[in-house]
Each structure stands twice: as C-alpha cells, then as structure tokens.
Amino acid sequence: MWRKEATMLSWLFMLATLTGVVLSSVTYDHTSIIINGQRRILISGSIHYPRSTPEMWPDLIQKAKDGGLDVIQTYVFWNGHEPSPGRYYFEERYDLVRFIKLVQQAGLYVHLRIGPYVCAEWNFGGFPVWLKYVPGISFRTNNEPFKAAMRGFTQKIVNMMKAERLFQSQGGPIILSQIENEYGPEEWEIGAPGKAYTAWAANMAVSLGTGVPWVMCKQDDAPDPIINACNGYYCDYFTPNKPYKPKMWTEAWTGWYTEFGGAIPQRPAEDMAFAVARFIQKGGSFVNYYMYHGGTNFGRTAGGPFIATSYDYDAPLDEYGMIRQPKWGHLKDLHRAIKLCEPALVSGDPAVASLGHYQESHVFTSRTGACAAFLANYDQRATATVTFRNRHYNLPPWSISILPDCTNVVFNTAKVKVTVHVLDAHHCNMLVQVGVQTTSPQMVPVSNLGSWASYDEAVASYSDDPFTVVGLLEQINVTRDVSDYLWYMTDVNINGNEQFLKNGRYPVLTVMSAGHALHAFINGKLAGSVYGSLENPKLTLTTSVKLWAGSNRIALLSIAVGLPNVGNHFETWNAGVLGPVQLSGLNEGRRDLSWQKWSYKVGLKGEALSLHTLSGSSSVEWQGSYIVRSQPLTWYKSTFNAPPGSDPVALDMASMGKGQIWVNGQHVGRYWPAYTAKGNCGGCSYVGTFNENKCRTGCGGPSQRWYHVPRSWLRPSGNLLVIFEEWGGNPSGITVVRRTIGSACADVSEWHPSLWHIKSLGKPEMPEKPKVHISCTEGQKISSIKFASFGTPQGTCGSFQQGVCHSTYSYEAFKVCLQTLCVCVCVCVRLKQSRLICDVFVSAGMHRAEVVLCCCLKRNLRWGSMPRHHEASSC
C-alpha cells in the first residue's frame with residue numbers, strides 16, 4: 001500500500017512541476033517521514049532565531065547544512081511576537097518569516113514547533129506575561145480562556161506561514177509542525193482536564209489545514225494523526241503509540257543549560273554519536289539535536305529562574321556560532337554514515353542478533369539488495385571482538401560501528417574522525433580531516449575600554465511617586481515583568497528607651513522572600529543582600545540593622561532573575577517579598593512589619609531615564625573624574641572601538657558583581673560573574689550513561705564570565721557601553737575580547753575507519769588514506785607546531801608525550817610550513833623500509849606503524865592563482 005502511494009505521489013509531483021503548479025506532500029509510515037513520495041532518514045538541529053541575530057542566521061544555517069543536517073527546528077516564541085494583546089512584532093531577531101526563508105534558500109527543511117508553550121529555559125516558557133491576567137485563565141488545561149488565546153496565536157502563525165507559502169504542501173520548507181510541548185507529565189498530574197486539553201489541542205491543530213503532519217513530544221497518548229515523539233539524552237527505548245507512526249526524536253540533548261551558580265555541563269561527542277546511532281539502529285527515522293546552536297539569552301529572555309545569559313548548551317555550534325570540535329565534525333561523519341545506510345534503513349525493521357553478552361547486531365535489508373549493519377558494544381569497560389558474517393570486528397567500549405554494506409566499517413562512535421576548521425591566536429586556519437582532534441577556544445583581550453563615568457541609582461524614596469497599600473504584594477503582579485526590580489518601602493518608629501540604643505546590640509531584620517535576590521537598605525545604607533538558586537529560589541535575609549531613635553526607612557529592592565519556564569501551573573508561582581518581615585531584639589521582643597503600610601516603586605530611576613541609550617545617557621550628569629569601586633546600585637558608561645576583523649566579540653565581566661549590560665542601546669543580558677559555580681567537576685569519560693551532572697567544568701569560577709556582543713550591534717568606533725551594577729564591582733577591569741581557537745590537535749592512526757570507501761549505492765571503492773590537511777589564511781602562517789610524534793604517542797590533546805616508538809624525523813615534515821605560506825597534506829602510508837619505523841616494533845614482531853609524510857603545496861599569492869604542487873624533500 002505504501003509503495004503504491006509513494007509511486008503515485010512522485011508521479012503527481014512530476015506532473016505538477018510540468019504544468020507549472022507546485023504540489024508537494026509530506027506523509028509518514030512506520031519506517032520514516034515521506035516527502036514527495038520519498039522515504040527519508042532526517043537529521044535535524046535546533047537553532048532558535050531570537051537567540052542570535054539576523055546577520056548570523058545565514059552562516060549558522062550553512063554550517064548546519066555543512067554538518068550534514070536536513071532540517072532546522074525552531075520554537076515560535078509567543079511572548080516575543082505578542083508583547084501585549086493584539087500587538088504583534090516580527091522584526092529584527094523575531095523575523096520568523098525571514099529566518100524560515102533563509103533556511104529554504106539553503107535547501108533545508110523546517111520543523112516549526114508552534115507550541116505555543118516552549119519551555120526552552122525561556123522567560124515564562126514563552127508565554128506573554130499579560131496572559132496570566134486574562135480573567136478566569138488557567139494555563140495548559142481544559143480552560144476556555146486559555147484555549148481561546150492559544151488558538152488565536154497558533155492560527156496567527158499558521159496563517160502567516162500560509163500567506164508566505166512556507167508549508168511543504170505549498171512548495172515551502174516546513175515539513176512538520178508541533179503543537180504543545182512535553183505535556184505528557186503535566187497531563188498525568190492533572191488527570192481528566194489534561195486529557196481533554198490534549199484532545200482539543202490535537203484537533204485544533206489538525207483543523208488548521210497545514211498539509212503537513214503535526215507532532216506532540218513526550219505525549220504518549222497523542223491522538224491520530226498526531227505523531228508522538230521522544231525527548232531526552234537517549235531515546236532508543238522509545239516506541240510510537242501506533243505501529244504506523246515513525247520513530248521520532250525531537251530533542252536529542254547535546255548538552256545542558258548553564259545556570260547562575262552552577263558548573264558548565266558538557267556532553268562528549270562520542271556519547272552523543274553513540275546515542276544517535278543506537279536510536280537509528282532501533283528503527284529511528286528523525287533525530288533533532290537540541291541544541292545545534294544554542295546562542296544567547298539576550299535581554300531578559302532567560303527563564304528558569306537563574307538561567308544564565310549564555311545558552312551555549314555544548315552544541316556543535318557554540319554560542320558565538322563557531323564550530324565546536326570534535327563534536328561538529330564527529331557528528332558530521334556520523335550523518336554521512338547514516339545516509340549511506342538510508343536505502344536499507346527505510347525498507348523495514350532490523351533483524352537483531354546477539355554477538356555476545358553485551359554485544360548485538362542490527363541488520364537492515366531491502367528488496368533491492370541494500371544491506372546495512374550496526375554492531376553495538378554496550379560494555380562500559382572492555383573492547384569486544386565480535387564475529388559478524390564470518391569476519392572479526394573490534395568494538396571499543398560503549399560504541400557502535402556502522403557498516404553500510406554489511407561488511408566494511410565506515411564509522412565507529414568512539415573513534416573521533418573529524419574535519420575541523422579552527423582559528424589560532426594568529427588567525428591560522430586548520431583543517432584536520434582525520435584523527436582524534438580537539439580545539440581550544442580562547443578569549444583574547446583586545447583592549448580595555450575608554451574612560452568610565454558613573455551615575456548613582458538612588459535608593460527609592462517617597463518622592464519617587466510610589467503607591468501605598470497595607471501589606472506585602474507579590475512582585476510579578478505589581479511589575480508585570482516590565483522590570484527585574486521592585487522597591488518595597490516602609491517606616492519603623494523606634495522609641496528612645498530601646499535597650500539596643502544603649503548596649504549596641506542592634507535588632508535583627510528578617511525578610512522572607514519568594515525570590516530571587518534581595519538587597520536591604522536601612523536609612524539609605526546597604527544592610528545586607530541575599531539570593532536564591534534554581535533549585536531553591538526562595539530566600540531569607542537575616543541581618544543586624546543599625547536603627548536610630550525616631551523614624552527609620554526600610555527599603556527592600558527585590559530582584560527577579562527570569563520567570564519560571566517549567567512546572568505544573570508555573571503561572572501561579574510567586575516572586576518577591578511575601579513575608580513575614582520582622583524585627584527582633586526590641587524591648588517588645590519581635591515586631592511583625594508584614595501588615596504595615598508598604599509603598600511600591602516599579603523599576604529603577606535609570607531605567608525610567610533610559611540611561612542605556614545614547615539620548616537617555618545624555619540627559620543626566622555623570623561623574624567622570626573619580627569612579628567609586630564596589631559601590632552598589634551604580635550605572636557605568638564607557639565607549640570602545642570594534643575590534644578589527646570578523647572574530648566574535650564579547651565582554652569579560654570577571655571584575656563585576658551582578659547586573660545588566662547594554663551596547664549601543666541593545667540589551668546584551670544579565671551578568672552575574674560573582675555567583676561562582678558549585679558542584680563537582682573532574683574527569684569526563686564518554687563511557688556510560690550520560691546526565692547533566694556527569695561531565696562538568698568551571699567549578700569555583702564564574703558560571704558565566706564572558707558575554708556575547710554580536711558584531712552587527714557594533715559600529716567601527718565610539719560604541720556606547722552601559723552597565724548597571726547591583727552589588728558593586730570594578731568597571732576598570734572590564735575588557736573587550738575576541739573569541740578565537742588557540743590550538744588544534746589530531747591523533748591519526750591506521751585504525752580509524754575510512755568513511756568514503758563505500759559509495760552511496762553500496763558499491764566498494766578504494767579506501768582513502770587517513771590524512772591531516774593544515775592551511776593558513778591569506779597573509780598568515782602557522783605560528784608553531786607544539787607536538788608531533790610518528791609512532792606511539794601517549795596521552796590526550798594538550799598533554800601528549802612520546803611513546804616507546806617515536807621517529808626523530810617527526811617534526812621535519814612541518815618545517816617548511818612554518819617558514820612559508822603553504823598547504824601541508826600529510827598522508828599515512830605503510831613503509832616497509834624506512835628509518836621512520838621504530839626498531840622496537842620490528843624486534844617485537846608487531847605490525848609496523850604507519851608513518852606520516854608531508855608534501856607542501858605553495859600558493860602564488862601575488863597572482864591569486866590556484867595552488868601549484870611542489871614536492872618537499874621529505875616526499
């Protein structure tokens with residue numbers, strides 16, 4: 001039935017093309033998504049358009065394509081597009097149509113996750129805050145006000161896509177859409193209303209007539225024709241809820257998010273590849289990397305709370321859009337291997353056989369003779385030698401080998417074999433095509449900034465026109481999230497006969513808050529500060545306070561650090577000072593201030609004056625002759641010139657405490673380097689089940705030190721930098737840096753599988769020898785070779801040492817490259833008679849090592865001609 005349908009769909013598409021009418025289709029069956037009649041194994045990656053700039057989008061999309069992706073997946077961010085009811089915004093970073101058309105121009109497909117709930121560590125889970133105040137509303141349940149609002153926005157997006165003819169059914173790139181997001185756990189908690197809501201959401205989405213399938217992730221009871229999908233670190237265990245639906249993995253987590261106060265999670269490339277190969281070998285047909293490029297939580301878009309401004313996610317493309325190695329290259333080779341297997345993979349279920357206690361094979365075959373095999377070793381300790389079809393194969397621990405012809409290994413998940421494009425501190429590009437390779441990012445200081453000026457943010461007072469009520473108010477109900485800041489003010493009268501005025505034992509102020517950070521000021525002086533964490537945003541401030549006889553002013557500055565983005569009815573969660581607020585140590589004992597009159601002021605004076613803009617910063621008088629360091633509640637401004645070149649730019653904020661950054665009026669985001677990373681950091685092995693606590697770095701240092709400033713926000717000179725510092729810091733320590741890669745290394749051996757010795761039709765061809773390709777950009781040259789050893793070097797990148805076997809000629813091949821602009825092509829060859837072969841190997845009767853020789857290809861830079869071949873002496 002499916003074969004017949006696929007043939008008919010292809011015929012219809014060809015006829016439509018000849019008649020000048022675009023007619024396309026997307027369907028599915030048990031084995032795969034079917035696009036215009038063709039079954040596809042689809043590799044996808046998440047790139048969220050608001051987390052980068054439009055100027056970055058083409059490069060990100062092209063690098064995703066070069067990495068072997070077929071699809072770009074993105075959420076649609078409701079609160080960015082409808083900041084107030086009925087007022088829509090689709091410009092700049094929120095230009096969704098432009099983003100999708102760029103993906104289409106690159107020849108890729110789109111998976112559009114409309115949601116409109118996104119989670120995504122995004123402020124309020126993507127919901128606009130005004131939605132919380134719709135009368136009678138309750139989020140994500142069988143609630144009519146919520147369903148009406150959700151239907152309205154979803155329909156808005158669908159109609160916009162239709163008007164631009166962006167669905168595949170119209171000839172556009174969108175092949176899949178998603179409604180809701182990870183709702184299964186929520187439905188389980190709330191029961192019948194949740195089930196009714198799920199059914200309603202599915203029916204509503206299908207009724208919009210997009211002409212492409214809809215997906216629900218983590219939704220085991222997704223009703224037909226919705227496809228249910230899996231999210232997680234591993235999804236090989238997942239089975240669709242109907243036998244005629246494809247096995248889809250909508251979020252293959254490439255790492256994890258960074259929280260202020262937390263270490264930085266990293267996921268090894270080997271384990272990421274192992275997880276994907278394991279999913280494909282068990283019938284998976286769609287894999288999406290979450291994230292492929294994480295980007296930046298610009299402005300106040302980070303959720304959590306306590307989510308860092310960086311959303312790097314240890315993705316194949318780092319926060320700045322640079323290729324991360326070895327992850328990007330290793331996954332690229334995985335994708336190539338999977339595509340070689342595609343004819344067999346889409347032909348049916350695999351035949352599974354045991355090859356040992358922890359080893360097994362998955363074999364796919366087609367009627368046309370295609371055969372692909374996956375040989376898996378789940379043992380976490382030992383390499384296994386298995387016999388498959390009368391051949392022996394070595395499988396490293398926790399790895400899978402891919403055989404597109406059921407004979408030759410073209411890829412093993414534990415053997416990193418990559419093509420890398422990196423930059424060192426001297427702008428030298430390196431392309432390492434084979435071998436275990438790692439790149440080392442560096443943040444290179446460009447210059448300190450110009451002179452600084454400061455402006456004091458005064459503690460709020462009654463002259464600031466606050467409003468007054470009896471009792472304490474919840475923060476978001478007051479601010480509506482227009483600012484992170486809310487002032488709480490009240491007066492306390494102290495009798496002259498209080499004992500503490502005589503003995504100096506000052507009263508203790510206790511303030512209980514729902515979060516997220518708090519500063520207490522007594523009579524205009526800072527008395528104490530406290531902050532929470534992602535795990536426990538609630539906090540209690542306990543500090544002794546110096547009061548005098550008569551009236552005393554208590555001013556509490558409550559600070560939000562992003563709104564929650566996940567949890568059952570998180571729209572009901574609180575922030576701010578909810579009490580009790582108490583004074584103890586008085587003659588009367590304890591005085592509860594919670595039900596006094598409290599005055600409230602939303603935001604900062606500097607925010608109201610728009611000090612972050614050129615015009616606003618010119619409206620006040622700044623102090624420029626002397627900068628007070630470690631002064632809380634202070635605005636700082638300076639200027640700087642854009643670094644030359646095209647390297648990504650960032651600000652090193654290590655000398656500061658906590659606050660926010662603007663450049664030329666653009667809101668970079670929250671900074672908090674004073675919140676040091678806690679947890680356990682240590683060695684990291686790819687072997688064994690991964691979780692976000694397994695491979696962590698940065699313990700004891702800032703959770704985030706550097707803050708991305710997109711190049712498109714900069715002018716060549718005179719860029720305005722404005723900082724609001726809450727705690728106190730030293731702005732003279734802030735530096736502008738550029739992000740580069742300082743070094744690269746590769747471990748080449750004869751045991752690396754050779755990917756391209758199998759043609760796409762499954763026919764064998766001669767294997768390509770392992771090689772290393774190193775080249776410099778025009779006018780630059782490689783600065784140094786730090787280590788080279790032909791033989792049996794020991795160690796890892798950055799800490800290699802010579803082994804028992806080492807050729808004294810190891811560095812000779814690279815000398816010419818250090819002296820001239822050239823391309824070195826280093827090819828592993830087996831030499832039976834050569835001084836470069838170690839005697840130790842010969843006397844021991846072992847297999848001879850492969851030796852690398854280097855030939856130099858000189859460039860004629862004067863005429864800009866193609867490289868001419870010149871043999872070096874070693875060749």
# chains A, B, ... in the order shown; residues from 1 in each chain; ligands from 1
$ residues_around --residues "range 553-570 of chain A" --least-positions-apart "3" --cutoff "6 Å" --atoms "only C-alpha atoms" --output "ChimeraX atom specification"
/A:119,121,123-125,302-306,484-491,516-523,573,576
$ residues_around --residues "Lys147 in chain A" --least-positions-apart "3" --cutoff "12 Å" --atoms "only C-alpha atoms" --output "number ranges by chain"
A: 116, 131, 134, 136-144, 150-155, 180, 196-202, 204-205
$ write_last_selection --atoms "N, CA, C and O atoms" --output "CSV table (one decimal), in the first residue's frame"
chain,number,residue,atom,x,y,z
A,116,PRO,N,2.0,26.8,21.7
A,116,PRO,CA,2.9,27.9,21.8
A,116,PRO,C,3.7,27.9,23.1
A,116,PRO,O,4.5,28.8,23.4
A,131,LEU,N,-0.8,37.2,29.6
A,131,LEU,CA,-1.8,36.1,29.5
A,131,LEU,C,-2.2,35.7,30.9
A,131,LEU,O,-3.3,35.2,31.1
A,134,VAL,N,-5.5,37.4,32.1
A,134,VAL,CA,-6.8,37.2,31.5
A,134,VAL,C,-7.8,36.6,32.5
A,134,VAL,O,-7.5,35.6,33.2
A,136,GLY,N,-10.1,34.6,34.7
A,136,GLY,CA,-10.5,33.2,34.7
A,136,GLY,C,-9.6,32.2,34.0
A,136,GLY,O,-9.9,31.0,33.9
A,137,ILE,N,-8.4,32.6,33.7
A,137,ILE,CA,-7.5,31.7,32.9
A,137,ILE,C,-6.7,30.8,33.8
A,137,ILE,O,-6.4,31.1,35.0
A,138,SER,N,-6.4,29.6,33.3
A,138,SER,CA,-5.6,28.6,33.9
A,138,SER,C,-4.8,28.0,32.8
A,138,SER,O,-5.4,27.5,31.8
A,139,PHE,N,-3.5,28.0,32.9
A,139,PHE,CA,-2.6,27.6,31.7
A,139,PHE,C,-2.7,26.1,31.5
A,139,PHE,O,-2.7,25.3,32.4
A,140,ARG,N,-2.6,25.7,30.2
A,140,ARG,CA,-2.4,24.4,29.8
A,140,ARG,C,-3.3,23.3,30.4
A,140,ARG,O,-2.8,22.3,30.9
A,141,THR,N,-4.6,23.6,30.4
A,141,THR,CA,-5.6,22.7,30.8
A,141,THR,C,-6.9,23.0,30.1
A,141,THR,O,-6.9,23.8,29.2
A,142,ASN,N,-7.9,22.2,30.4
A,142,ASN,CA,-9.2,22.4,29.7
A,142,ASN,C,-9.9,23.6,30.2
A,142,ASN,O,-10.9,23.6,30.8
A,143,ASN,N,-9.3,24.8,29.8
A,143,ASN,CA,-9.8,26.1,30.3
A,143,ASN,C,-10.1,26.9,29.1
A,143,ASN,O,-9.2,27.2,28.3
A,144,GLU,N,-11.3,27.4,29.0
A,144,GLU,CA,-11.7,28.1,27.8
A,144,GLU,C,-10.9,29.4,27.5
A,144,GLU,O,-10.6,29.7,26.4
A,150,MET,N,-4.7,30.5,23.1
A,150,MET,CA,-3.8,29.6,22.4
A,150,MET,C,-4.2,29.4,20.9
A,150,MET,O,-3.4,29.4,20.0
A,151,ARG,N,-5.5,29.2,20.7
A,151,ARG,CA,-6.0,29.0,19.3
A,151,ARG,C,-5.7,30.3,18.5
A,151,ARG,O,-5.3,30.2,17.4
A,152,GLY,N,-5.9,31.5,19.1
A,152,GLY,CA,-5.7,32.7,18.4
A,152,GLY,C,-4.2,32.9,17.9
A,152,GLY,O,-4.0,33.2,16.8
A,153,PHE,N,-3.3,32.6,18.8
A,153,PHE,CA,-1.9,32.8,18.4
A,153,PHE,C,-1.5,31.7,17.4
A,153,PHE,O,-0.7,32.0,16.4
A,154,THR,N,-1.9,30.4,17.7
A,154,THR,CA,-1.5,29.3,16.8
A,154,THR,C,-2.0,29.6,15.4
A,154,THR,O,-1.3,29.5,14.3
A,155,GLN,N,-3.3,30.1,15.3
A,155,GLN,CA,-3.8,30.4,14.0
A,155,GLN,C,-3.1,31.6,13.3
A,155,GLN,O,-2.9,31.6,12.1
A,180,GLU,N,1.7,22.1,21.3
A,180,GLU,CA,2.0,21.8,22.7
A,180,GLU,C,3.5,21.4,22.8
A,180,GLU,O,4.2,21.4,21.8
A,196,ALA,N,-8.5,16.0,28.3
A,196,ALA,CA,-9.4,16.7,27.4
A,196,ALA,C,-8.7,17.8,26.7
A,196,ALA,O,-9.0,18.1,25.5
A,197,TYR,N,-7.7,18.5,27.3
A,197,TYR,CA,-7.0,19.5,26.7
A,197,TYR,C,-6.1,19.0,25.6
A,197,TYR,O,-6.0,19.6,24.5
A,198,THR,N,-5.5,17.8,25.8
A,198,THR,CA,-4.6,17.2,24.8
A,198,THR,C,-5.5,16.9,23.5
A,198,THR,O,-5.0,17.2,22.4
A,199,ALA,N,-6.7,16.3,23.7
A,199,ALA,CA,-7.5,16.0,22.6
A,199,ALA,C,-7.9,17.3,21.8
A,199,ALA,O,-7.9,17.4,20.6
A,200,TRP,N,-8.2,18.3,22.6
A,200,TRP,CA,-8.6,19.6,22.0
A,200,TRP,C,-7.5,20.2,21.2
A,200,TRP,O,-7.7,20.7,20.1
A,201,ALA,N,-6.3,20.2,21.8
A,201,ALA,CA,-5.1,20.8,21.1
A,201,ALA,C,-4.8,20.1,19.8
A,201,ALA,O,-4.5,20.7,18.8
A,202,ALA,N,-4.9,18.8,19.8
A,202,ALA,CA,-4.7,18.0,18.6
A,202,ALA,C,-5.7,18.3,17.5
A,202,ALA,O,-5.3,18.6,16.4
A,204,MET,N,-7.6,21.0,17.3
A,204,MET,CA,-7.4,22.4,16.8
A,204,MET,C,-6.3,22.5,15.8
A,204,MET,O,-6.5,23.2,14.8
A,205,ALA,N,-5.2,21.8,16.1
A,205,ALA,CA,-4.0,21.9,15.2
A,205,ALA,C,-4.4,21.3,13.8
A,205,ALA,O,-4.1,22.0,12.8
$ residues_around --residues "Gly68 in chain A" --least-positions-apart "5" --cutoff "7 Å" --atoms "only C-alpha atoms" --output "PyMOL selection string"
chain A and resi 332+335-336
$ closest_residue --among "A:Ala458, A:Ala527, A:Asn448, A:Glu621" --to "Met653 in chain A" --atoms "only C-alpha atoms"
A:Asn448
$ residues_around --residues "Gln359 in chain A" --least-positions-apart "4" --cutoff "12 Å" --atoms "only C-alpha atoms" --output "list in words"
Val352, Ala353, Ser354, Leu355, Phe374, Leu375, Ala376, Asn377, Tyr378, Asp379, Gln380, Ala382, Thr383, Ala384, Thr385, Val386, Thr387, Phe388, Tyr393, Asn394, Leu395, Pro396, Pro397, Trp398, Ser399, Ile400 and Ser401 of chain A
$ closest_residue --among "A:Ala575, A:Gln631, A:Thr676, A:Val508" --to "Thr542 in chain A" --atoms "only C-alpha atoms"
A:Val508
$ residues_around --residues "Asn691 in chain A" --least-positions-apart "5" --cutoff "9 Å" --atoms "only C-alpha atoms" --output "list in words"
Tyr233, Gly255, Trp256 and Arg267 of chain A
$ residues_around --residues "Gly80 in chain A" --least-positions-apart "3" --cutoff "8 Å" --atoms "only C-alpha atoms" --output "MDAnalysis selection string"
chainID A and resid 77 83 89 94 126 128
$ closest_atom_pairs --of "range 116-177 of chain A" --to "range 105-109 of chain A" --cutoff "12 Å" --atoms "only C-alpha atoms" --output "CSV"
residue,atom,partner,partner_atom,distance
A:Leu166,CA,A:Tyr109,CA,10.1
A:Phe167,CA,A:Tyr109,CA,9.8
A:Gln168,CA,A:Tyr109,CA,8.6
A:Gly171,CA,A:Tyr109,CA,10.9
A:Gly172,CA,A:Tyr109,CA,8.3
A:Pro173,CA,A:Tyr109,CA,4.6
A:Ile174,CA,A:Tyr109,CA,5.9
A:Ile175,CA,A:Tyr109,CA,6.4
A:Leu176,CA,A:Tyr109,CA,8.9
A:Ser177,CA,A:Tyr109,CA,11.5
$ write_last_selection --atoms "N, CA and C atoms" --output "PDB file, in the first residue's frame"
ATOM      1  N   LEU A 166       4.854  28.816   2.904  1.00  0.00           N
ATOM      2  CA  LEU A 166       6.026  28.208   3.521  1.00  0.00           C
ATOM      3  C   LEU A 166       5.828  26.761   3.952  1.00  0.00           C
ATOM      4  N   PHE A 167       4.600  26.257   3.913  1.00  0.00           N
ATOM      5  CA  PHE A 167       4.410  24.843   4.207  1.00  0.00           C
ATOM      6  C   PHE A 167       4.802  24.016   2.983  1.00  0.00           C
ATOM      7  N   GLN A 168       5.316  22.818   3.231  1.00  0.00           N
ATOM      8  CA  GLN A 168       5.731  21.958   2.129  1.00  0.00           C
ATOM      9  C   GLN A 168       4.587  21.667   1.168  1.00  0.00           C
ATOM     10  N   GLY A 171       4.795  24.067  -1.395  1.00  0.00           N
ATOM     11  CA  GLY A 171       6.100  24.194  -2.016  1.00  0.00           C
ATOM     12  C   GLY A 171       7.142  24.830  -1.117  1.00  0.00           C
ATOM     13  N   GLY A 172       6.811  25.019   0.159  1.00  0.00           N
ATOM     14  CA  GLY A 172       7.724  25.646   1.108  1.00  0.00           C
ATOM     15  C   GLY A 172       8.553  24.629   1.866  1.00  0.00           C
ATOM     16  N   PRO A 173       9.364  25.094   2.830  1.00  0.00           N
ATOM     17  CA  PRO A 173      10.286  24.196   3.539  1.00  0.00           C
ATOM     18  C   PRO A 173       9.730  23.523   4.785  1.00  0.00           C
ATOM     19  N   ILE A 174       8.568  23.978   5.307  1.00  0.00           N
ATOM     20  CA  ILE A 174       8.062  23.435   6.569  1.00  0.00           C
ATOM     21  C   ILE A 174       7.438  22.063   6.313  1.00  0.00           C
ATOM     22  N   ILE A 175       8.085  21.024   6.829  1.00  0.00           N
ATOM     23  CA  ILE A 175       7.596  19.660   6.620  1.00  0.00           C
ATOM     24  C   ILE A 175       6.881  19.107   7.842  1.00  0.00           C
ATOM     25  N   LEU A 176       7.086  19.736   9.011  1.00  0.00           N
ATOM     26  CA  LEU A 176       6.461  19.269  10.247  1.00  0.00           C
ATOM     27  C   LEU A 176       6.117  20.476  11.111  1.00  0.00           C
ATOM     28  N   SER A 177       5.033  20.351  11.871  1.00  0.00           N
ATOM     29  CA  SER A 177       4.686  21.358  12.865  1.00  0.00           C
ATOM     30  C   SER A 177       4.451  20.659  14.201  1.00  0.00           C
TER      31      SER A 177
END
